[in-house]
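Engineer: PDB, C-alpha atoms, file entry-v9.pdb:
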```
ATOM      1  CA  MET A  27       0.000   0.000   0.000
ATOM      2  CA  LYS A  28       1.456   3.316  -1.103
ATOM      3  CA  LEU A  29       1.152   6.000   1.573
ATOM      4  CA  ARG A  30       1.733   9.736   1.525
ATOM      5  CA  LEU A  31       3.498  10.918   4.693
ATOM      6  CA  GLN A  32       3.261  14.383   6.205
ATOM      7  CA  SER A  33       4.472  15.487   9.619
ATOM      8  CA  ARG A  34       4.275  18.586  11.751
ATOM      9  CA  ARG A  35       6.146  19.411  14.925
ATOM     10  CA  TYR A  36       4.408  21.079  17.873
ATOM     11  CA  ARG A  37       5.279  22.656  21.202
ATOM     12  CA  ALA A  38       2.434  23.087  23.714
ATOM     13  CA  PRO A  39       2.763  24.647  27.188
ATOM     14  CA  PHE A  40       1.093  22.940  30.125
ATOM     15  CA  ARG A  41      -1.671  24.932  31.800
ATOM     16  CA  ALA A  42       0.479  24.755  34.937
ATOM     17  CA  PRO A  43       4.109  23.523  35.072
ATOM     18  CA  VAL A  44       4.566  20.029  36.528
ATOM     19  CA  ARG A  45       7.191  19.487  39.236
ATOM     20  CA  THR A  46       8.799  16.047  39.134
ATOM     21  CA  ALA A  47      12.022  14.474  40.358
ATOM     22  CA  HIS A  48      13.488  15.424  36.975
ATOM     23  CA  GLY A  49      12.776  19.128  37.597
ATOM     24  CA  VAL A  50      10.088  21.553  36.442
ATOM     25  CA  TRP A  51       8.343  20.489  33.215
ATOM     26  CA  ALA A  52       6.612  23.410  31.510
ATOM     27  CA  GLU A  53       5.779  22.217  27.995
ATOM     28  CA  ARG A  54       5.410  19.158  25.798
ATOM     29  CA  GLU A  55       7.036  18.765  22.408
ATOM     30  CA  GLY A  56       6.181  16.217  19.798
ATOM     31  CA  LEU A  57       5.509  15.317  16.190
ATOM     32  CA  ILE A  58       2.151  14.661  14.533
ATOM     33  CA  VAL A  59       2.291  12.327  11.521
ATOM     34  CA  ARG A  60      -0.384  11.945   8.851
ATOM     35  CA  LEU A  61      -0.617   9.061   6.392
ATOM     36  CA  GLU A  62      -2.982   8.942   3.410
ATOM     37  CA  ASN A  63      -3.375   6.086   0.983
ATOM     38  CA  GLU A  64      -4.186   6.425  -2.709
ATOM     39  CA  ALA A  65      -7.898   5.933  -2.007
ATOM     40  CA  GLY A  66      -7.938   8.956   0.332
ATOM     41  CA  ALA A  67      -8.131   7.107   3.694
ATOM     42  CA  VAL A  68      -6.249   9.060   6.352
ATOM     43  CA  GLY A  69      -4.567   7.980   9.607
ATOM     44  CA  TRP A  70      -2.870  10.003  12.332
ATOM     45  CA  GLY A  71      -0.178   9.279  14.911
ATOM     46  CA  GLU A  72       1.795  11.163  17.542
ATOM     47  CA  ALA A  73       5.409  10.890  18.651
ATOM     48  CA  ALA A  74       5.920  12.723  21.956
ATOM     49  CA  PRO A  75       9.342  11.633  23.265
ATOM     50  CA  ILE A  76      10.482  12.223  26.840
ATOM     51  CA  PRO A  77      14.280  12.265  26.305
ATOM     52  CA  TRP A  78      15.226  11.879  29.985
ATOM     53  CA  PHE A  79      13.384   8.546  29.912
ATOM     54  CA  GLY A  80      15.911   7.358  27.338
ATOM     55  CA  THR A  81      13.797   7.826  24.188
ATOM     56  CA  GLU A  82      14.831   9.607  21.033
ATOM     57  CA  THR A  83      14.541  13.396  20.964
ATOM     58  CA  VAL A  84      11.870  15.246  18.976
ATOM     59  CA  GLU A  85      14.614  16.336  16.569
ATOM     60  CA  GLU A  86      15.594  12.711  15.959
ATOM     61  CA  ALA A  87      11.973  11.672  15.430
ATOM     62  CA  GLU A  88      11.480  14.524  12.965
ATOM     63  CA  ALA A  89      14.661  13.623  11.093
ATOM     64  CA  GLY A  90      13.580   9.978  10.950
ATOM     65  CA  ALA A  91      10.258  10.962   9.406
ATOM     66  CA  ARG A  92      12.033  13.061   6.788
ATOM     67  CA  THR A  93      14.176  10.111   5.723
ATOM     68  CA  LEU A  94      11.008   8.234   4.695
ATOM     69  CA  GLY A  95      10.209  10.845   2.064
ATOM     70  CA  GLU A  96       6.818  12.066   0.905
ATOM     71  CA  TRP A  97       5.707   8.633  -0.307
ATOM     72  CA  THR A  98       6.345   5.455   1.669
ATOM     73  CA  ASN A  99       4.821   2.034   2.354
ATOM     74  CA  GLU A 100       4.209  -0.360   5.229
ATOM     75  CA  ALA A 101       7.426  -2.317   4.674
ATOM     76  CA  THR A 102       9.542   0.832   4.856
ATOM     77  CA  ILE A 103       7.697   2.009   7.953
ATOM     78  CA  ALA A 104       8.219  -1.372   9.634
ATOM     79  CA  ALA A 105      11.975  -0.999   8.997
ATOM     80  CA  VAL A 106      12.270   2.225  11.029
ATOM     81  CA  PRO A 107      14.958   1.405  13.630
ATOM     82  CA  ALA A 108      13.960   0.472  17.177
ATOM     83  CA  ARG A 109      15.903   3.411  18.613
ATOM     84  CA  LEU A 110      13.160   5.637  17.119
ATOM     85  CA  GLY A 111      10.500   3.888  19.154
ATOM     86  CA  CYS A 112       8.199   6.899  19.547
ATOM     87  CA  LEU A 113       8.221   7.543  15.799
ATOM     88  CA  LYS A 114       7.629   3.835  15.079
ATOM     89  CA  ASN A 115       4.555   3.885  17.311
ATOM     90  CA  ALA A 116       3.215   7.063  15.684
ATOM     91  CA  LEU A 117       3.561   5.570  12.204
ATOM     92  CA  ALA A 118       2.082   2.228  13.293
ATOM     93  CA  ALA A 119      -0.916   4.030  14.805
ATOM     94  CA  ALA A 120      -1.439   5.959  11.572
ATOM     95  CA  VAL A 121      -1.187   2.805   9.434
ATOM     96  CA  SER A 122      -3.690   1.069  11.712
ATOM     97  CA  GLU A 123      -6.114   3.977  11.428
ATOM     98  CA  VAL A 124      -5.870   3.931   7.636
ATOM     99  CA  GLY A 125      -6.743   0.233   7.798
ATOM    100  CA  ARG A 126      -9.778   0.885  10.011
ATOM    101  CA  VAL A 127     -11.048   3.535   7.607
ATOM    102  CA  CYS A 128     -10.750   1.049   4.748
ATOM    103  CA  ASP A 129     -12.391  -1.760   6.753
ATOM    104  CA  PRO A 130     -14.635  -0.152   9.415
ATOM    105  CA  PRO A 131     -15.998  -2.238  12.318
ATOM    106  CA  SER A 132     -19.563  -3.454  12.209
ATOM    107  CA  ALA A 133     -22.413  -1.513  13.815
ATOM    108  CA  ARG A 134     -22.662  -4.202  16.515
ATOM    109  CA  THR A 135     -18.966  -3.835  17.396
ATOM    110  CA  LEU A 136     -19.344  -0.060  17.639
ATOM    111  CA  SER A 137     -22.357  -0.486  19.922
ATOM    112  CA  VAL A 138     -20.416  -2.772  22.253
ATOM    113  CA  GLN A 139     -17.440  -0.374  22.296
ATOM    114  CA  LYS A 140     -19.712   2.550  23.077
ATOM    115  CA  GLY A 141     -21.359   0.641  25.904
ATOM    116  CA  ARG A 142     -17.977  -0.057  27.479
ATOM    117  CA  VAL A 143     -17.187   3.644  27.490
ATOM    118  CA  ILE A 144     -20.417   4.873  29.070
ATOM    119  CA  ASP A 145     -21.244   2.043  31.496
ATOM    120  CA  PRO A 146     -18.697   2.703  34.297
ATOM    121  CA  PRO A 147     -19.979   5.313  36.793
ATOM    122  CA  TYR A 148     -16.500   6.804  37.290
ATOM    123  CA  LEU A 149     -13.563   7.576  35.024
ATOM    124  CA  GLY A 150     -11.059   4.729  34.895
ATOM    125  CA  ILE A 151      -8.058   6.978  34.394
ATOM    126  CA  ALA A 152      -5.975   8.840  36.974
ATOM    127  CA  ALA A 153      -6.226  12.535  37.803
ATOM    128  CA  LEU A 154      -2.739  14.027  38.146
ATOM    129  CA  LEU A 155      -2.027  15.760  41.470
ATOM    130  CA  PRO A 156       0.848  18.234  41.862
ATOM    131  CA  ALA A 157       3.726  17.649  44.224
ATOM    132  CA  GLY A 158       3.447  18.648  47.849
ATOM    133  CA  ARG A 159       0.591  20.275  49.755
ATOM    134  CA  PRO A 160      -1.063  21.833  46.639
ATOM    135  CA  ALA A 161      -2.351  18.311  45.896
ATOM    136  CA  LEU A 162      -4.862  18.590  48.736
ATOM    137  CA  ALA A 163      -6.776  21.468  47.154
ATOM    138  CA  LEU A 164      -7.283  19.597  43.864
ATOM    139  CA  ILE A 165      -8.620  16.257  45.089
ATOM    140  CA  GLU A 166     -12.209  17.364  45.704
ATOM    141  CA  PRO A 167     -12.692  19.219  42.379
ATOM    142  CA  ARG A 168     -11.169  16.271  40.495
ATOM    143  CA  ALA A 169     -13.486  13.892  42.362
ATOM    144  CA  GLU A 170     -16.479  16.029  41.376
ATOM    145  CA  LEU A 171     -15.455  15.542  37.741
ATOM    146  CA  GLY A 172     -15.736  11.775  38.225
ATOM    147  CA  PHE A 173     -12.194  10.661  39.036
ATOM    148  CA  ARG A 174     -11.662   7.878  41.547
ATOM    149  CA  VAL A 175      -7.986   7.243  40.842
ATOM    150  CA  PHE A 176      -5.390   9.909  41.677
ATOM    151  CA  LYS A 177      -1.708  10.083  40.778
ATOM    152  CA  TRP A 178       0.471  12.105  43.154
ATOM    153  CA  LYS A 179       3.948  13.277  42.169
ATOM    154  CA  VAL A 180       6.443  12.524  44.955
ATOM    155  CA  GLY A 181      10.237  12.419  45.184
ATOM    156  CA  VAL A 182      10.280  16.193  44.663
ATOM    157  CA  ALA A 183      10.691  17.549  48.222
ATOM    158  CA  ASP A 184      12.219  16.124  51.401
ATOM    159  CA  ALA A 185      11.043  12.528  51.812
ATOM    160  CA  ALA A 186      10.090  12.969  55.476
ATOM    161  CA  ASP A 187       7.881  15.953  54.639
ATOM    162  CA  GLU A 188       6.174  14.106  51.802
ATOM    163  CA  ILE A 189       5.612  10.962  53.876
ATOM    164  CA  ALA A 190       4.077  13.079  56.645
ATOM    165  CA  LEU A 191       1.631  14.488  54.077
ATOM    166  CA  LEU A 192       0.531  11.063  52.806
ATOM    167  CA  ASP A 193      -2.160  10.566  55.455
ATOM    168  CA  ASP A 194      -3.669  13.993  54.675
ATOM    169  CA  VAL A 195      -3.807  13.104  50.978
ATOM    170  CA  CYS A 196      -5.397   9.714  51.723
ATOM    171  CA  ALA A 197      -7.940  11.318  54.071
ATOM    172  CA  ALA A 198      -8.969  13.770  51.343
ATOM    173  CA  LEU A 199      -9.738  10.994  48.831
ATOM    174  CA  PRO A 200     -13.401  10.153  48.157
ATOM    175  CA  SER A 201     -14.694   6.835  49.439
ATOM    176  CA  GLY A 202     -13.292   3.867  47.513
ATOM    177  CA  ALA A 203     -10.683   5.946  45.659
ATOM    178  CA  LYS A 204      -7.136   4.755  44.970
ATOM    179  CA  LEU A 205      -3.867   6.691  45.022
ATOM    180  CA  ARG A 206      -0.863   6.113  42.776
ATOM    181  CA  LEU A 207       2.510   7.506  43.879
ATOM    182  CA  ASP A 208       4.985   8.474  41.147
ATOM    183  CA  ALA A 209       8.572   9.014  42.303
ATOM    184  CA  ASN A 210      10.149   9.226  38.833
ATOM    185  CA  GLY A 211      13.114   7.195  40.109
ATOM    186  CA  ALA A 212      14.085   9.732  42.797
ATOM    187  CA  TRP A 213      14.540   7.401  45.802
ATOM    188  CA  ASP A 214      17.339   5.262  47.085
ATOM    189  CA  ARG A 215      16.432   1.864  48.515
ATOM    190  CA  ARG A 216      16.060   3.017  52.120
ATOM    191  CA  THR A 217      13.756   5.895  51.161
ATOM    192  CA  ALA A 218      11.662   3.550  49.015
ATOM    193  CA  GLU A 219      11.378   1.110  51.925
ATOM    194  CA  ARG A 220      10.170   3.895  54.252
ATOM    195  CA  TRP A 221       7.476   4.822  51.744
ATOM    196  CA  LEU A 222       6.374   1.252  51.130
ATOM    197  CA  GLU A 223       6.144   0.543  54.842
ATOM    198  CA  ARG A 224       3.810   3.538  55.162
ATOM    199  CA  CYS A 225       1.766   2.575  52.081
ATOM    200  CA  ALA A 226       1.026  -0.986  53.216
ATOM    201  CA  GLU A 227      -2.277  -0.244  54.976
ATOM    202  CA  ARG A 228      -3.335   2.764  52.924
ATOM    203  CA  PRO A 229      -5.351   3.019  49.677
ATOM    204  CA  VAL A 230      -2.245   3.091  47.465
ATOM    205  CA  GLU A 231      -2.837   1.189  44.229
ATOM    206  CA  PHE A 232       0.860   1.114  43.314
ATOM    207  CA  VAL A 233       4.139   3.035  43.629
ATOM    208  CA  GLU A 234       5.544   4.016  40.263
ATOM    209  CA  GLN A 235       9.296   3.826  39.532
ATOM    210  CA  PRO A 236      10.737   4.318  43.033
ATOM    211  CA  CYS A 237      14.327   3.853  41.774
ATOM    212  CA  PHE A 238      15.955   4.323  38.385
ATOM    213  CA  ALA A 239      19.414   4.501  36.817
ATOM    214  CA  ASP A 240      19.273   6.361  33.504
ATOM    215  CA  ALA A 241      21.054   5.412  30.308
ATOM    216  CA  GLY A 242      23.989   7.704  31.130
ATOM    217  CA  GLU A 243      24.938   5.747  34.233
ATOM    218  CA  SER A 244      27.200   2.732  34.377
ATOM    219  CA  GLU A 245      26.064  -0.819  33.712
ATOM    220  CA  SER A 246      26.686  -1.711  37.362
ATOM    221  CA  ALA A 247      24.476   1.200  38.497
ATOM    222  CA  ARG A 248      21.678   0.031  36.210
ATOM    223  CA  ARG A 249      21.975  -3.556  37.484
ATOM    224  CA  LYS A 250      21.891  -2.284  41.065
ATOM    225  CA  SER A 251      18.750  -0.269  40.314
ATOM    226  CA  ASP A 252      17.068  -3.277  38.671
ATOM    227  CA  ASP A 253      17.964  -5.486  41.644
ATOM    228  CA  CYS A 254      16.544  -2.854  44.004
ATOM    229  CA  LEU A 255      13.262  -2.723  42.109
ATOM    230  CA  MET A 256      12.925  -6.498  42.076
ATOM    231  CA  GLY A 257      13.690  -6.689  45.798
ATOM    232  CA  LEU A 258      11.138  -4.003  46.673
ATOM    233  CA  ALA A 259       8.479  -5.744  44.584
ATOM    234  CA  GLU A 260       9.093  -9.007  46.402
ATOM    235  CA  ASP A 261       9.389  -7.599  49.932
ATOM    236  CA  PHE A 262       6.329  -5.320  50.203
ATOM    237  CA  PRO A 263       2.605  -5.853  49.585
ATOM    238  CA  THR A 264       2.049  -2.588  47.681
ATOM    239  CA  PRO A 265       2.680  -3.245  43.970
ATOM    240  CA  ILE A 266       5.571  -1.515  42.204
ATOM    241  CA  ALA A 267       5.086  -0.117  38.703
ATOM    242  CA  LEU A 268       7.847   0.270  36.114
ATOM    243  CA  ASP A 269       7.753   3.375  33.917
ATOM    244  CA  GLU A 270      11.175   4.798  33.019
ATOM    245  CA  SER A 271      12.480   1.202  33.095
ATOM    246  CA  VAL A 272      10.316   0.106  30.146
ATOM    247  CA  VAL A 273      10.881   2.595  27.328
ATOM    248  CA  GLY A 274      13.421   0.765  25.172
ATOM    249  CA  ALA A 275      13.190  -2.078  22.705
ATOM    250  CA  GLY A 276      13.104  -5.383  24.574
ATOM    251  CA  ASP A 277      12.605  -3.885  28.040
ATOM    252  CA  ILE A 278       9.212  -5.523  28.605
ATOM    253  CA  GLU A 279      10.519  -8.924  27.516
ATOM    254  CA  ARG A 280      13.577  -8.545  29.758
ATOM    255  CA  TRP A 281      11.497  -7.799  32.866
ATOM    256  CA  ILE A 282       8.980 -10.545  32.117
ATOM    257  CA  GLY A 283      11.878 -12.961  31.673
ATOM    258  CA  ALA A 284      13.213 -11.899  35.076
ATOM    259  CA  GLY A 285       9.824 -12.706  36.644
ATOM    260  CA  TRP A 286       8.672  -9.169  37.326
ATOM    261  CA  PRO A 287       5.601  -9.436  39.631
ATOM    262  CA  GLY A 288       4.427  -5.820  39.405
ATOM    263  CA  VAL A 289       2.836  -3.382  36.992
ATOM    264  CA  PHE A 290       4.028  -1.959  33.664
ATOM    265  CA  VAL A 291       3.224   1.675  32.803
ATOM    266  CA  ILE A 292       3.403   2.045  29.029
ATOM    267  CA  LYS A 293       3.663   5.399  27.229
ATOM    268  CA  PRO A 294       3.420   4.380  23.557
ATOM    269  CA  THR A 295       3.895   7.905  22.192
TER     270      THR A 295
END
```
If you took the structure in this file and wrote it as structure tokens, what would it be?

Structural biologist:
Amino acid sequence: MKLRLQSRRYRAPFRAPVRTAHGVWAEREGLIVRLENEAGAVGWGEAAPIPWFGTETVEEAEAGARTLGEWTNEATIAAVPARLGCLKNALAAAVSEVGRVCDPPSARTLSVQKGRVIDPPYLGIAALLPAGRPALALIEPRAELGFRVFKWKVGVADAADEIALLDDVCAALPSGAKLRLDANGAWDRRTAERWLERCAERPVEFVEQPCFADAGESESARRKSDDCLMGLAEDFPTPIALDESVVGAGDIERWIGAGWPGVFVIKPT
């Protein structure tokens, strides 16, 4: 199938900057790709790399798209190298959408899909809470919008101060709600253990990426971080989620092969 490829880069500021263990994040950059086949069916995809996770940069994704030229095909798209994982996903999403336009689902399938969207009484996705005490003021308005899962950024301030605030955050949650803690790899093992001890009898669904050694660190540091994550997952009842640890080609397979018992957080774009 011959496909015409167009792409456009964007830069969009967040309504409010997000404070994480990586620093203050004020905007998101990415690349929108558009594919159109000769019959006029169109598909869209988005590559939104987060370079400090170990992905390609937006510049690299944009350059990779340019190398494909104005006209391409599925075989050429499939051959995009794994190191451009965000771009590969964007192109795959666009190809898939072109295929759905050419072969739309039946009316019965659409009815079932629609029912799955509207049946649950609450939203099944997490409302993001800012780091620190400002999180408390946002829980109630987010709950009124229908959220019953909340994701709180931690690993930003002093660990003792954040741990002391945990009970206030839990007390502010609506009945039956769950809290996800996202440390963005900021903790050492002892700090992670202190948090997990506190989380054990609280409504914490999982703790996301308590430890992490980025691609710039030594192989021994990365092995130590992986061993720490596996040990934490085995030693505490609160599940651990991997995020930064599963952004490269083969990462999921590697952790499954190691017997990972926790959660995977996947950011395809």

Engineer: Can you pull out every residue within 12 Å of Ala209 (chain A), counting all atoms listed in the file, but drop anything in the same chain fewer than 4 positions away, and send it as a CSV table (one decimal) with C-alpha atoms, in the coordinates of the input?

Structural biologist:
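Result file is selection_32.csv:
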```
chain,number,residue,atom,x,y,z
A,45,ARG,CA,7.2,19.5,39.2
A,46,THR,CA,8.8,16.0,39.1
A,47,ALA,CA,12.0,14.5,40.4
A,48,HIS,CA,13.5,15.4,37.0
A,49,GLY,CA,12.8,19.1,37.6
A,157,ALA,CA,3.7,17.6,44.2
A,177,LYS,CA,-1.7,10.1,40.8
A,178,TRP,CA,0.5,12.1,43.2
A,179,LYS,CA,3.9,13.3,42.2
A,180,VAL,CA,6.4,12.5,45.0
A,181,GLY,CA,10.2,12.4,45.2
A,182,VAL,CA,10.3,16.2,44.7
A,183,ALA,CA,10.7,17.5,48.2
A,185,ALA,CA,11.0,12.5,51.8
A,188,GLU,CA,6.2,14.1,51.8
A,213,TRP,CA,14.5,7.4,45.8
A,214,ASP,CA,17.3,5.3,47.1
A,217,THR,CA,13.8,5.9,51.2
A,218,ALA,CA,11.7,3.6,49.0
A,221,TRP,CA,7.5,4.8,51.7
A,222,LEU,CA,6.4,1.3,51.1
A,232,PHE,CA,0.9,1.1,43.3
A,233,VAL,CA,4.1,3.0,43.6
A,234,GLU,CA,5.5,4.0,40.3
A,235,GLN,CA,9.3,3.8,39.5
A,236,PRO,CA,10.7,4.3,43.0
A,237,CYS,CA,14.3,3.9,41.8
A,238,PHE,CA,16.0,4.3,38.4
A,266,ILE,CA,5.6,-1.5,42.2
A,267,ALA,CA,5.1,-0.1,38.7
A,268,LEU,CA,7.8,0.3,36.1
A,269,ASP,CA,7.8,3.4,33.9
A,270,GLU,CA,11.2,4.8,33.0
```

Engineer: Selected by the PyMOL selection byres ((chain A and resi 27) around 8) in the shown coordinates: which residues, as a list in words?

Structural biologist: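 Output of the PyMOL selection byres ((chain A and resi 27) around 8): Lys28, Leu29, Asn63, Asn99 and Glu100 of chain A.
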
Engineer: I'd like the neighbourhood of Gly95 (chain A) as a PDB file with C-alpha atoms, in the coordinates of the input, where a residue qualifies if any of its atoms comes within 12 Å (using only C-alpha atoms), though same-chain residues fewer than 4 positions away should be ignored.

Structural biologist:
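Final output, selection31.pdb:
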```pdb
ATOM      1  CA  LYS A  28       1.456   3.316  -1.103  1.00  0.00           C
ATOM      2  CA  LEU A  29       1.152   6.000   1.573  1.00  0.00           C
ATOM      3  CA  ARG A  30       1.733   9.736   1.525  1.00  0.00           C
ATOM      4  CA  LEU A  31       3.498  10.918   4.693  1.00  0.00           C
ATOM      5  CA  GLN A  32       3.261  14.383   6.205  1.00  0.00           C
ATOM      6  CA  SER A  33       4.472  15.487   9.619  1.00  0.00           C
ATOM      7  CA  LEU A  61      -0.617   9.061   6.392  1.00  0.00           C
ATOM      8  CA  GLU A  88      11.480  14.524  12.965  1.00  0.00           C
ATOM      9  CA  ALA A  89      14.661  13.623  11.093  1.00  0.00           C
ATOM     10  CA  GLY A  90      13.580   9.978  10.950  1.00  0.00           C
ATOM     11  CA  ALA A  91      10.258  10.962   9.406  1.00  0.00           C
ATOM     12  CA  ASN A  99       4.821   2.034   2.354  1.00  0.00           C
ATOM     13  CA  THR A 102       9.542   0.832   4.856  1.00  0.00           C
ATOM     14  CA  ILE A 103       7.697   2.009   7.953  1.00  0.00           C
TER      15      ILE A 103
END
```

Engineer: Starting from the displayed file, determine the output of the PyMOL selection byres ((chain A and resi 194) around 12) and express the residue list as a PDB file with C-alpha atoms, in the coordinates of the input.

Structural biologist:
```pdb
ATOM      1  CA  GLY A 158       3.447  18.648  47.849  1.00  0.00           C
ATOM      2  CA  ARG A 159       0.591  20.275  49.755  1.00  0.00           C
ATOM      3  CA  PRO A 160      -1.063  21.833  46.639  1.00  0.00           C
ATOM      4  CA  ALA A 161      -2.351  18.311  45.896  1.00  0.00           C
ATOM      5  CA  LEU A 162      -4.862  18.590  48.736  1.00  0.00           C
ATOM      6  CA  ALA A 163      -6.776  21.468  47.154  1.00  0.00           C
ATOM      7  CA  ILE A 165      -8.620  16.257  45.089  1.00  0.00           C
ATOM      8  CA  ASP A 187       7.881  15.953  54.639  1.00  0.00           C
ATOM      9  CA  GLU A 188       6.174  14.106  51.802  1.00  0.00           C
ATOM     10  CA  ILE A 189       5.612  10.962  53.876  1.00  0.00           C
ATOM     11  CA  ALA A 190       4.077  13.079  56.645  1.00  0.00           C
ATOM     12  CA  LEU A 191       1.631  14.488  54.077  1.00  0.00           C
ATOM     13  CA  LEU A 192       0.531  11.063  52.806  1.00  0.00           C
ATOM     14  CA  ASP A 193      -2.160  10.566  55.455  1.00  0.00           C
ATOM     15  CA  VAL A 195      -3.807  13.104  50.978  1.00  0.00           C
ATOM     16  CA  CYS A 196      -5.397   9.714  51.723  1.00  0.00           C
ATOM     17  CA  ALA A 197      -7.940  11.318  54.071  1.00  0.00           C
ATOM     18  CA  ALA A 198      -8.969  13.770  51.343  1.00  0.00           C
ATOM     19  CA  LEU A 199      -9.738  10.994  48.831  1.00  0.00           C
ATOM     20  CA  ARG A 228      -3.335   2.764  52.924  1.00  0.00           C
TER      21      ARG A 228
END
```

Engineer: List every protein, DNA or RNA residue that has an atom no more than 10 Å from (11.1, 15.3, 27.4) in the file's coordinate frame, counting all atoms listed in the file, and report them as a PyMOL selection string.

Structural biologist: chain A and resi 48+51+53-56+74-84

Engineer: Mind filling out region 56-75 of chain A with N, CA and C atoms and sending it as a CSV table (one decimal), in the frame of the given file?

Structural biologist:
```
chain,number,residue,atom,x,y,z
A,56,GLY,N,6.4,17.5,20.5
A,56,GLY,CA,6.2,16.2,19.8
A,56,GLY,C,6.0,16.4,18.3
A,57,LEU,N,5.6,15.3,17.6
A,57,LEU,CA,5.5,15.3,16.2
A,57,LEU,C,4.2,14.6,15.8
A,58,ILE,N,3.4,15.3,15.1
A,58,ILE,CA,2.2,14.7,14.5
A,58,ILE,C,2.4,14.1,13.1
A,59,VAL,N,2.1,12.9,12.9
A,59,VAL,CA,2.3,12.3,11.5
A,59,VAL,C,0.9,12.0,10.9
A,60,ARG,N,0.9,12.2,9.6
A,60,ARG,CA,-0.4,11.9,8.9
A,60,ARG,C,0.0,11.1,7.7
A,61,LEU,N,-0.8,10.0,7.5
A,61,LEU,CA,-0.6,9.1,6.4
A,61,LEU,C,-1.9,9.0,5.6
A,62,GLU,N,-1.8,9.0,4.3
A,62,GLU,CA,-3.0,8.9,3.4
A,62,GLU,C,-2.7,8.0,2.3
A,63,ASN,N,-3.6,7.0,2.1
A,63,ASN,CA,-3.4,6.1,1.0
A,63,ASN,C,-4.0,6.6,-0.3
A,64,GLU,N,-3.8,5.9,-1.4
A,64,GLU,CA,-4.2,6.4,-2.7
A,64,GLU,C,-5.7,6.5,-2.9
A,65,ALA,N,-6.4,5.9,-2.0
A,65,ALA,CA,-7.9,5.9,-2.0
A,65,ALA,C,-8.4,7.1,-1.2
A,66,GLY,N,-7.5,7.8,-0.5
A,66,GLY,CA,-7.9,9.0,0.3
A,66,GLY,C,-8.2,8.7,1.8
A,67,ALA,N,-8.0,7.4,2.3
A,67,ALA,CA,-8.1,7.1,3.7
A,67,ALA,C,-7.0,7.7,4.5
A,68,VAL,N,-7.3,8.3,5.6
A,68,VAL,CA,-6.2,9.1,6.4
A,68,VAL,C,-6.1,8.5,7.7
A,69,GLY,N,-4.9,8.4,8.2
A,69,GLY,CA,-4.6,8.0,9.6
A,69,GLY,C,-3.6,8.9,10.3
A,70,TRP,N,-3.7,9.1,11.6
A,70,TRP,CA,-2.9,10.0,12.3
A,70,TRP,C,-2.1,9.3,13.4
A,71,GLY,N,-1.0,9.8,13.8
A,71,GLY,CA,-0.2,9.3,14.9
A,71,GLY,C,0.6,10.4,15.6
A,72,GLU,N,1.0,10.2,16.8
A,72,GLU,CA,1.8,11.2,17.5
A,72,GLU,C,3.0,10.6,18.2
A,73,ALA,N,4.2,11.2,18.0
A,73,ALA,CA,5.4,10.9,18.7
A,73,ALA,C,5.7,12.0,19.6
A,74,ALA,N,5.7,11.7,20.9
A,74,ALA,CA,5.9,12.7,22.0
A,74,ALA,C,7.0,12.2,22.9
A,75,PRO,N,8.3,12.2,22.5
A,75,PRO,CA,9.3,11.6,23.3
A,75,PRO,C,9.6,12.4,24.6
```
